[in-house]
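Undergrad: Questions regarding the structure given below will be posed in turn.
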Amino acid sequence: MRIWLALWAIAMGFMPTIAPAAEPGAAPIPAPVAALAGCWGGRGEVMGKSVSITVHAAPIVLDAMMAVDADSVATADPNDRYAAHLIFGGAGDPQKAPASVIMGYWTDSFGGTFAAAGNGEVRADGFDMTYAYPDDAFVNRWRMKGDALSWQIVARDANGVEKPFASYALQKAACASSAKP
């Protein structure tokens with residue numbers, strides 16, 4: 001009888017549930033990064049090429065980090081596709097100050113050769129991440145205002161000279177049932 005009561009309580013939602021939580025002492029996901037959670041859609045330009053883009057962001061690893069999946073397609077050629085998987089997390093001692101330092105990782109459809117660790121920081125209206133590559137550093141500037149998100153990427157050479165690489169304008173969107181929210 002007790003087993004049936006326990007099963008009934010679980011089915012009815014009366015048993016306490018365990019909520020995800022990062023390990024004790026882990027720096028929280030910085031607020032501007034956490035604000036990416038959900039789904040986004042929009043348009044942009046990559047190296048002069050017009051693209052459509054979708055972004056799906058969700059906390060991972062017991063809410064200690066944020067995973068962002070971006071998928072884009074060239075407007076002129078539906079076979080010209082690109083995908084990136086980004087991971088962001090707060091860094092530093094959460095006992096001393098709110099997380100303003102961000103560590104992350106960039107992987108994409110070009111494979112492991114072009115994967116890179118990155119670091120960044122919180123800004124008043126978003127956050128910046130920089131990924132170092134042999135020729136240039138790629139600076140990603142994420143800015144959010146309400147339900148609008150802009151994501152700009154510039155290539156910065158060793159002398160600090162920046163050249164536009166990609167720019168996207170996205171809006172908050174409903175997540176498709178098959179999307180990774």
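How things are named: the first chain in the structure tokens is A, the next is B, and so on; residues count from 1 in each chain; ligands count from 1 in the order shown.
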Excluding Gln152 in chain A and residues on its chain fewer than 6 positions from it, collect all residues at most 6 Å away from it, counting only C-alpha atoms, and give them as a list of chain:residue names.
TA: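 These residues fall inside the cut-off: A:Asn140, A:Arg141, A:Ala166, A:Ser167.
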Undergrad: Restricting the output to all heavy atoms, write the selected residues as an mmCIF file, in the first residue's frame.
TA:
```
data_model
loop_
_atom_site.group_PDB
_atom_site.id
_atom_site.type_symbol
_atom_site.label_atom_id
_atom_site.label_comp_id
_atom_site.auth_asym_id
_atom_site.auth_seq_id
_atom_site.Cartn_x
_atom_site.Cartn_y
_atom_site.Cartn_z
ATOM 1 N N ASN A 140 33.537 39.050 -30.237
ATOM 2 C CA ASN A 140 32.086 38.906 -30.359
ATOM 3 C C ASN A 140 31.432 39.874 -29.389
ATOM 4 O O ASN A 140 31.686 39.812 -28.179
ATOM 5 C CB ASN A 140 31.657 37.482 -30.003
ATOM 6 C CG ASN A 140 32.047 36.469 -31.049
ATOM 7 O OD1 ASN A 140 31.191 35.807 -31.606
ATOM 8 N ND2 ASN A 140 33.339 36.327 -31.324
ATOM 9 N N ARG A 141 30.598 40.756 -29.900
ATOM 10 C CA ARG A 141 29.907 41.745 -29.068
ATOM 11 C C ARG A 141 28.414 41.423 -29.076
ATOM 12 O O ARG A 141 27.751 41.567 -30.102
ATOM 13 C CB ARG A 141 30.179 43.150 -29.594
ATOM 14 C CG ARG A 141 31.655 43.496 -29.483
ATOM 15 C CD ARG A 141 31.974 44.889 -29.997
ATOM 16 N NE ARG A 141 33.384 45.177 -29.753
ATOM 17 C CZ ARG A 141 34.249 45.514 -30.699
ATOM 18 N NH1 ARG A 141 33.851 45.650 -31.954
ATOM 19 N NH2 ARG A 141 35.507 45.748 -30.385
ATOM 20 N N ALA A 166 31.138 39.681 -39.122
ATOM 21 C CA ALA A 166 29.733 39.280 -39.172
ATOM 22 C C ALA A 166 28.915 40.214 -38.297
ATOM 23 O O ALA A 166 29.424 40.776 -37.327
ATOM 24 C CB ALA A 166 29.566 37.839 -38.691
ATOM 25 N N SER A 167 27.647 40.355 -38.654
ATOM 26 C CA SER A 167 26.735 41.189 -37.885
ATOM 27 C C SER A 167 25.332 40.608 -38.015
ATOM 28 O O SER A 167 24.887 40.322 -39.124
ATOM 29 C CB SER A 167 26.767 42.622 -38.412
ATOM 30 O OG SER A 167 25.901 43.433 -37.665
#
```
Undergrad: For Ala27 in chain A, which residue among A:Gly118, A:Gly104, A:Gly89, A:Gly126 is the nearest when counting only C-alpha atoms?
TA: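 So, comparing all the options, the nearest one is A:Gly89.
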Undergrad: Please list as a compact mmCIF listing (two decimals) with N, CA and C atoms, in the first residue's frame every residue within 12 Å of Ala124 in chain A, counting only C-alpha atoms and excluding residues in the same chain fewer than 3 positions away.
TA:
```txt
# COMPACT_ATOMS: atom_id res chain seq x y z
N PRO A 30 26.82 34.94 -15.69
CA PRO A 30 26.55 36.38 -15.64
C PRO A 30 25.19 36.72 -16.23
N ALA A 31 24.49 37.68 -15.64
CA ALA A 31 23.12 38.03 -16.05
C ALA A 31 22.98 38.30 -17.55
N PRO A 32 23.88 39.05 -18.20
CA PRO A 32 23.70 39.29 -19.64
C PRO A 32 23.81 38.01 -20.47
N SER A 100 31.56 38.91 -13.46
CA SER A 100 31.68 39.85 -14.57
C SER A 100 32.69 39.33 -15.59
N GLU A 121 34.00 39.71 -20.88
CA GLU A 121 33.53 40.44 -19.71
C GLU A 121 32.15 41.03 -19.96
N PHE A 127 27.60 41.73 -23.31
CA PHE A 127 28.91 41.18 -22.97
C PHE A 127 29.74 41.02 -24.23
N ASP A 128 31.05 40.96 -24.04
CA ASP A 128 32.01 40.74 -25.13
C ASP A 128 32.78 39.46 -24.86
N ARG A 141 30.60 40.76 -29.90
CA ARG A 141 29.91 41.75 -29.07
C ARG A 141 28.41 41.42 -29.08
N TRP A 142 27.93 40.97 -27.94
CA TRP A 142 26.53 40.61 -27.76
C TRP A 142 25.84 41.77 -27.03
N ARG A 143 24.77 42.33 -27.63
CA ARG A 143 24.04 43.44 -27.02
C ARG A 143 22.55 43.14 -27.07
N MET A 144 21.87 43.39 -25.96
CA MET A 144 20.45 43.10 -25.88
C MET A 144 19.69 44.33 -25.38
N LYS A 145 18.56 44.57 -26.03
CA LYS A 145 17.66 45.63 -25.59
C LYS A 145 16.25 45.10 -25.75
```
Undergrad: Quick one: pick out all helix (DSSP H, G or I) residues within chain A from a backbone DSSP run and write them as a VMD selection string.
TA: chain A and resid 2 to 11 31 to 34 112 to 114
Undergrad: With all heavy atoms retained, write the just-selected residues as a tab-separated table (two decimals), in the first residue's frame.
TA:
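File produced: selection_3.tsv:
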```
chain	number	residue	atom	x	y	z
A	2	ARG	N	1.97	1.24	0.77
A	2	ARG	CA	2.85	2.42	0.83
A	2	ARG	C	3.48	2.71	-0.53
A	2	ARG	O	3.66	3.86	-0.89
A	2	ARG	CB	3.94	2.22	1.86
A	2	ARG	CG	3.45	2.31	3.27
A	2	ARG	CD	4.59	2.16	4.22
A	2	ARG	NE	4.09	1.75	5.50
A	2	ARG	CZ	4.68	1.98	6.62
A	2	ARG	NH1	5.83	2.61	6.63
A	2	ARG	NH2	4.16	1.59	7.75
A	3	ILE	N	3.79	1.67	-1.26
A	3	ILE	CA	4.38	1.85	-2.58
A	3	ILE	C	3.39	2.57	-3.48
A	3	ILE	O	3.74	3.51	-4.19
A	3	ILE	CB	4.82	0.51	-3.20
A	3	ILE	CG1	5.99	-0.07	-2.39
A	3	ILE	CG2	5.18	0.66	-4.66
A	3	ILE	CD1	6.40	-1.46	-2.81
A	4	TRP	N	2.13	2.15	-3.44
A	4	TRP	CA	1.11	2.79	-4.27
A	4	TRP	C	0.90	4.24	-3.86
A	4	TRP	O	0.75	5.11	-4.70
A	4	TRP	CB	-0.21	2.02	-4.21
A	4	TRP	CG	-0.11	0.71	-4.95
A	4	TRP	CD1	-0.12	-0.54	-4.41
A	4	TRP	CD2	0.06	0.55	-6.34
A	4	TRP	NE1	0.03	-1.49	-5.38
A	4	TRP	CE2	0.14	-0.83	-6.60
A	4	TRP	CE3	0.16	1.41	-7.42
A	4	TRP	CZ2	0.30	-1.35	-7.87
A	4	TRP	CZ3	0.31	0.88	-8.69
A	4	TRP	CH2	0.39	-0.47	-8.91
A	5	LEU	N	0.94	4.52	-2.57
A	5	LEU	CA	0.81	5.91	-2.11
A	5	LEU	C	1.99	6.75	-2.58
A	5	LEU	O	1.82	7.89	-3.01
A	5	LEU	CB	0.70	5.96	-0.58
A	5	LEU	CG	-0.69	5.74	-0.01
A	5	LEU	CD1	-0.63	5.68	1.51
A	5	LEU	CD2	-1.62	6.85	-0.45
A	6	ALA	N	3.18	6.20	-2.51
A	6	ALA	CA	4.38	6.92	-2.96
A	6	ALA	C	4.30	7.18	-4.46
A	6	ALA	O	4.60	8.29	-4.93
A	6	ALA	CB	5.64	6.15	-2.61
A	7	LEU	N	3.91	6.18	-5.24
A	7	LEU	CA	3.77	6.36	-6.68
A	7	LEU	C	2.71	7.39	-7.00
A	7	LEU	O	2.87	8.23	-7.88
A	7	LEU	CB	3.45	5.03	-7.37
A	7	LEU	CG	4.59	4.02	-7.40
A	7	LEU	CD1	4.10	2.67	-7.93
A	7	LEU	CD2	5.75	4.55	-8.22
A	8	TRP	N	1.59	7.36	-6.27
A	8	TRP	CA	0.52	8.34	-6.48
A	8	TRP	C	1.02	9.75	-6.16
A	8	TRP	O	0.77	10.69	-6.89
A	8	TRP	CB	-0.68	7.98	-5.60
A	8	TRP	CG	-1.80	8.96	-5.74
A	8	TRP	CD1	-2.73	9.02	-6.74
A	8	TRP	CD2	-2.09	10.06	-4.88
A	8	TRP	NE1	-3.57	10.07	-6.55
A	8	TRP	CE2	-3.20	10.73	-5.41
A	8	TRP	CE3	-1.52	10.54	-3.70
A	8	TRP	CZ2	-3.74	11.85	-4.79
A	8	TRP	CZ3	-2.07	11.64	-3.10
A	8	TRP	CH2	-3.16	12.29	-3.65
A	9	ALA	N	1.76	9.90	-5.05
A	9	ALA	CA	2.29	11.21	-4.66
A	9	ALA	C	3.26	11.74	-5.72
A	9	ALA	O	3.24	12.92	-6.06
A	9	ALA	CB	2.98	11.13	-3.30
A	10	ILE	N	4.09	10.87	-6.26
A	10	ILE	CA	5.03	11.29	-7.30
A	10	ILE	C	4.26	11.70	-8.55
A	10	ILE	O	4.51	12.76	-9.13
A	10	ILE	CB	6.03	10.16	-7.63
A	10	ILE	CG1	6.99	9.97	-6.45
A	10	ILE	CG2	6.81	10.47	-8.91
A	10	ILE	CD1	7.84	8.71	-6.56
A	11	ALA	N	3.28	10.89	-8.93
A	11	ALA	CA	2.50	11.19	-10.13
A	11	ALA	C	1.73	12.50	-9.98
A	11	ALA	O	1.56	13.25	-10.93
A	11	ALA	CB	1.53	10.04	-10.44
A	31	ALA	N	24.49	37.68	-15.64
A	31	ALA	CA	23.12	38.03	-16.05
A	31	ALA	C	22.98	38.30	-17.55
A	31	ALA	O	22.02	37.82	-18.16
A	31	ALA	CB	22.62	39.22	-15.24
A	32	PRO	N	23.88	39.05	-18.20
A	32	PRO	CA	23.70	39.29	-19.64
A	32	PRO	C	23.81	38.01	-20.47
A	32	PRO	O	23.18	37.90	-21.52
A	32	PRO	CB	24.83	40.25	-20.01
A	32	PRO	CG	25.23	40.88	-18.73
A	32	PRO	CD	25.00	39.84	-17.67
A	33	VAL	N	24.57	37.03	-19.99
A	33	VAL	CA	24.66	35.74	-20.69
A	33	VAL	C	23.39	34.94	-20.44
A	33	VAL	O	22.80	34.38	-21.37
A	33	VAL	CB	25.91	34.96	-20.25
A	33	VAL	CG1	25.94	33.58	-20.89
A	33	VAL	CG2	27.18	35.73	-20.57
A	34	ALA	N	22.92	34.91	-19.20
A	34	ALA	CA	21.69	34.18	-18.86
A	34	ALA	C	20.50	34.74	-19.62
A	34	ALA	O	19.57	34.00	-19.94
A	34	ALA	CB	21.45	34.25	-17.35
A	112	GLY	N	37.19	20.58	-35.37
A	112	GLY	CA	38.08	20.84	-34.25
A	112	GLY	C	39.24	21.77	-34.54
A	112	GLY	O	39.75	22.44	-33.63
A	113	THR	N	39.68	21.85	-35.78
A	113	THR	CA	40.81	22.72	-36.12
A	113	THR	C	40.53	24.17	-35.77
A	113	THR	O	41.43	24.90	-35.40
A	113	THR	CB	41.13	22.60	-37.62
A	113	THR	OG1	41.45	21.23	-37.92
A	113	THR	CG2	42.32	23.47	-38.01
A	114	PHE	N	39.27	24.59	-35.85
A	114	PHE	CA	38.93	25.99	-35.61
A	114	PHE	C	38.22	26.23	-34.28
A	114	PHE	O	37.69	27.30	-34.05
A	114	PHE	CB	38.10	26.53	-36.78
A	114	PHE	CG	38.89	26.57	-38.05
A	114	PHE	CD1	38.72	25.58	-39.01
A	114	PHE	CD2	39.83	27.55	-38.27
A	114	PHE	CE1	39.47	25.58	-40.18
A	114	PHE	CE2	40.59	27.58	-39.43
A	114	PHE	CZ	40.41	26.59	-40.39
```
Undergrad: Would you pick out the contacts of Phe88 in chain A at 8 Å or less, using only C-alpha atoms, so that residues sharing its chain but fewer than 6 positions from it are not included, and give the list as a ChimeraX atom specification?
TA: /A:29,33,65-67,102-105
Undergrad: Any chance you could export the current selection's N, CA, C and O atoms as a short mmCIF file (atom, residue, chain, number, x, y, z; two decimals), in the first residue's frame?
TA:
```cif
data_model
loop_
_atom_site.label_atom_id
_atom_site.label_comp_id
_atom_site.auth_asym_id
_atom_site.auth_seq_id
_atom_site.Cartn_x
_atom_site.Cartn_y
_atom_site.Cartn_z
N ILE A 29 26.28 32.08 -13.85
CA ILE A 29 26.26 32.59 -15.21
C ILE A 29 25.99 34.09 -15.11
O ILE A 29 25.01 34.49 -14.48
N VAL A 33 24.57 37.03 -19.99
CA VAL A 33 24.66 35.74 -20.69
C VAL A 33 23.39 34.94 -20.44
O VAL A 33 22.80 34.38 -21.37
N MET A 65 26.58 26.73 -16.61
CA MET A 65 27.04 27.34 -17.85
C MET A 65 25.86 27.47 -18.82
O MET A 65 24.80 26.88 -18.59
N MET A 66 26.09 28.24 -19.88
CA MET A 66 25.05 28.46 -20.90
C MET A 66 25.58 27.91 -22.23
O MET A 66 26.72 28.18 -22.62
N ALA A 67 24.74 27.12 -22.91
CA ALA A 67 25.07 26.62 -24.24
C ALA A 67 24.26 27.40 -25.26
O ALA A 67 23.06 27.63 -25.07
N ILE A 102 33.89 36.25 -18.00
CA ILE A 102 33.26 35.13 -18.70
C ILE A 102 34.34 34.29 -19.36
O ILE A 102 35.26 34.83 -19.98
N MET A 103 34.21 33.00 -19.23
CA MET A 103 35.07 32.06 -19.95
C MET A 103 34.17 31.29 -20.89
O MET A 103 32.99 31.08 -20.60
N GLY A 104 34.71 30.88 -22.02
CA GLY A 104 33.87 30.16 -22.97
C GLY A 104 34.65 29.35 -23.97
O GLY A 104 35.88 29.29 -23.93
N TYR A 105 33.91 28.74 -24.86
CA TYR A 105 34.49 27.88 -25.87
C TYR A 105 33.66 28.00 -27.15
O TYR A 105 32.43 28.07 -27.08
#
```
Undergrad: For CA of Asp108 in chain A and CA of Ala83 in chain A, determine how far apart the two atoms are, in Å to one decimal place.
TA: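 Separation between CA of Asp108 in chain A and CA of Ala83 in chain A: 5.6 Å.
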Undergrad: Tell me which of A:Val73, A:Gly44, A:Met129, A:Val51 sits closest to Leu86 in chain A, counting only C-alpha atoms.
TA: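 Comparing A:Val73, A:Gly44, A:Met129, A:Val51 against Leu86 in chain A, the winner is A:Met129.
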Undergrad: For a test of reading the model, state the distance in Å between CA of Asp71 in chain A and CA of Gly48 in chain A, rounded to one decimal.
TA: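 About the pair CA of Asp71 in chain A and CA of Gly48 in chain A: they are 17.4 Å apart.
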Undergrad: Using Å and a single decimal, report how far CA of Cys39 in chain A sits from CA of His56 in chain A.
TA: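 Separation between CA of His56 in chain A and CA of Cys39 in chain A: 4.6 Å.
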Undergrad: Out of A:Asp69, A:Ala74, A:Lys172, A:Arg123, which residue has the shortest atom-to-atom distance to Met47 in chain A when counting only C-alpha atoms?
TA: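 Smallest separation from Met47 in chain A among the options: A:Ala74.
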Undergrad: Could you check which of A:Trp151, A:Phe165, A:Trp40, A:Tyr133 is closest to Trp106 in chain A, using only C-alpha atoms?
TA: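 Smallest separation from Trp106 in chain A among the options: A:Tyr133.
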Undergrad: Which of these residues is nearest to Glu23 in chain A, using only C-alpha atoms: A:Leu62, A:Leu170, A:Ala176, A:Ala155?
TA: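 Once distances to Glu23 in chain A are computed over only C-alpha atoms, the minimum belongs to A:Leu62.
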Undergrad: Can you tell me, as an MDAnalysis selection string, which residues in range 15-171 of chain A count as strand (DSSP E or B) by DSSP?
TA: chainID A and resid 38:46 49:60 65:74 77:91 101:108 116:123 126:132 137:145 148:156 162:171
Undergrad: Check the smallest atom-to-atom distance from each of A:Gly42, A:Gly90, A:Pro59, A:Gly146 to Gly120 in chain A using only C-alpha atoms, then report the winner.
TA: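 Of all the options, A:Gly90 lies closest to Gly120 in chain A.
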Undergrad: Find the spatial neighbours of Ala70 in chain A, counting only C-alpha atoms, within a cut-off of 9 Å - ignore same-chain residues fewer than 6 positions away - and output them as a list in words.
TA: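 Counting only C-alpha atoms, the residues come to Ile53, Thr54, Val55, His56, Ala57, Tyr82, Ala83, Ala84, His85 and Leu86 of chain A.
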